[in-house]
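One structure is given here, and the rest of the page talks about it.
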Amino acid sequence: MEILRLKIIKSLPTNLKIVDLSADFRLRDIVEYEEWYGQPHKATTLQQESVYGLTEISRREIQSARLVANHGCYPTSVQLPLIPLIKVCI
(Lines give C-alpha, C1' and ligand atoms only; values in the text may rest on other atoms or scores of the structure.)
Protein backbone atom coordinates (compact mmCIF):
# COMPACT_ATOMS: atom_id res chain seq x y z
CA MET A 1 0.00 0.00 0.00
CA GLU A 2 2.76 2.44 0.98
CA ILE A 3 4.73 1.87 -2.23
CA LEU A 4 1.60 2.29 -4.35
CA ARG A 5 0.76 5.59 -2.61
CA LEU A 6 4.30 6.90 -3.12
CA LYS A 7 4.19 5.93 -6.81
CA ILE A 8 0.91 7.78 -7.20
CA ILE A 9 2.32 10.92 -5.56
CA LYS A 10 5.41 10.75 -7.80
CA SER A 11 3.24 10.45 -10.91
CA LEU A 12 1.00 13.45 -10.17
CA PRO A 13 1.57 16.68 -12.13
CA THR A 14 4.04 19.00 -10.42
CA ASN A 15 1.59 21.90 -10.39
CA LEU A 16 -0.68 20.07 -7.92
CA LYS A 17 -0.45 20.76 -4.18
CA ILE A 18 -0.39 17.57 -2.12
CA VAL A 19 -1.02 17.23 1.61
CA ASP A 20 0.19 13.87 2.82
CA LEU A 21 -1.70 12.66 5.89
CA SER A 22 0.67 9.80 6.70
CA ALA A 23 3.93 10.18 8.60
CA ASP A 24 6.02 9.35 5.51
CA PHE A 25 7.20 12.88 4.81
CA ARG A 26 7.42 14.40 8.28
CA LEU A 27 11.16 13.74 8.59
CA ARG A 28 13.20 15.31 5.82
CA ASP A 29 16.51 13.77 6.88
CA ILE A 30 16.91 10.35 5.24
CA VAL A 31 19.14 9.01 8.03
CA GLU A 32 16.69 10.12 10.73
CA TYR A 33 13.82 8.52 8.84
CA GLU A 34 15.61 5.19 8.69
CA GLU A 35 16.54 5.40 12.39
CA TRP A 36 12.94 6.09 13.45
CA TYR A 37 11.12 3.75 11.08
CA GLY A 38 13.72 0.97 10.76
CA GLN A 39 13.78 1.01 6.96
CA PRO A 40 14.92 3.33 4.19
CA HIS A 41 12.42 5.75 2.71
CA LYS A 42 10.93 4.61 -0.58
CA ALA A 43 10.74 8.09 -2.17
CA THR A 44 13.79 10.05 -1.03
CA THR A 45 13.44 12.77 -3.67
CA LEU A 46 9.90 13.52 -2.54
CA GLN A 47 10.96 13.29 1.08
CA GLN A 48 13.58 16.00 0.62
CA GLU A 49 11.08 18.16 -1.26
CA SER A 50 8.39 18.00 1.42
CA VAL A 51 7.67 20.73 3.95
CA TYR A 52 6.42 20.03 7.46
CA GLY A 53 2.90 21.43 7.56
CA LEU A 54 2.73 23.25 10.87
CA THR A 55 1.38 26.58 9.58
CA GLU A 56 2.14 28.48 12.76
CA ILE A 57 5.83 27.81 12.20
CA SER A 58 6.32 27.12 8.45
CA ARG A 59 3.68 29.31 6.77
CA ARG A 60 5.96 30.72 4.03
CA GLU A 61 7.48 27.35 3.15
CA ILE A 62 4.04 25.77 2.97
CA GLN A 63 2.75 28.43 0.57
CA SER A 64 5.37 27.58 -2.02
CA ALA A 65 5.58 23.82 -1.39
CA ARG A 66 4.24 21.16 -3.69
CA LEU A 67 4.22 18.46 -1.01
CA VAL A 68 3.15 19.25 2.55
CA ALA A 69 3.62 16.67 5.28
CA ASN A 70 0.61 17.01 7.54
CA HIS A 71 1.55 17.23 11.18
CA GLY A 72 0.05 14.96 13.79
CA CYS A 73 -2.02 16.18 16.72
CA TYR A 74 0.37 14.92 19.41
CA PRO A 75 3.48 16.50 17.85
CA THR A 76 1.58 19.75 17.36
CA SER A 77 0.51 19.89 21.00
CA VAL A 78 4.16 19.69 22.03
CA GLN A 79 5.70 21.85 19.29
CA LEU A 80 3.46 24.91 19.52
CA PRO A 81 4.50 25.84 23.05
CA LEU A 82 8.11 24.65 22.73
CA ILE A 83 9.26 26.17 19.44
CA PRO A 84 8.94 29.82 20.58
CA LEU A 85 10.78 28.92 23.80
CA ILE A 86 13.57 27.21 21.86
CA LYS A 87 13.91 30.23 19.54
CA VAL A 88 14.36 32.51 22.54
CA CYS A 89 17.01 30.23 24.03
CA ILE A 90 19.06 29.88 20.83
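Within each chain, counting starts at residue 1; across the C-alpha coordinates, chains are named A, B, ... in the order shown, with ligands numbered 1 upward in that order.
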> Would you give me, as a PyMOL selection string, the residues in chain A that DSSP reads as helix (DSSP H, G or I)?
Replying inline: chain A and resi 2-11+30-37+44-49+55-64+73-89
> What's the 8 Å shell around region 30-34 of chain A, counting only C-alpha atoms, without same-chain residues fewer than 5 positions away, as a list in words?
Replying inline: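 Here the qualifying residues turn out to be Gln39, Pro40, His41, Thr44 and Gln47 of chain A.
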> Pick from A:Arg66, A:Val19, A:Tyr74, A:Asp29: nearest to Gly53 (chain A), with only C-alpha atoms counted?
Replying inline: A:Val19
> Hey, which of A:Arg5, A:Arg28, A:Lys17, A:Lys10 ends up closest to Glu49 (chain A)? Count only C-alpha atoms.
Replying inline: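 Looking only at the distances to Glu49 (chain A), the closest residue turns out to be A:Arg28.
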>> Using only C-alpha atoms, which protein or nucleic acid residues come within 9 Å of Ile83 (chain A)? Drop anything in the same chain fewer than 5 positions from it, and give the result as JSON, numbers by chain.
In response: {"A": [57, 78, 88]}
Only N, CA and C atoms, please: the residues just picked out, written as a PDB file, in the first residue's frame.
```pdb
ATOM      1  N   ILE A  57       4.374  27.733  12.232  1.00  0.00           N
ATOM      2  CA  ILE A  57       5.834  27.809  12.195  1.00  0.00           C
ATOM      3  C   ILE A  57       6.370  27.916  10.763  1.00  0.00           C
ATOM      4  N   VAL A  78       2.869  19.486  21.375  1.00  0.00           N
ATOM      5  CA  VAL A  78       4.159  19.687  22.028  1.00  0.00           C
ATOM      6  C   VAL A  78       4.937  20.817  21.358  1.00  0.00           C
ATOM      7  N   VAL A  88      13.869  31.517  21.588  1.00  0.00           N
ATOM      8  CA  VAL A  88      14.364  32.505  22.536  1.00  0.00           C
ATOM      9  C   VAL A  88      15.689  32.061  23.140  1.00  0.00           C
TER      10      VAL A  88
END
```
> So what do you get for CA of Leu67 (chain A) versus CA of Val51 (chain A), distance-wise?
Replying inline: 6.5 Å
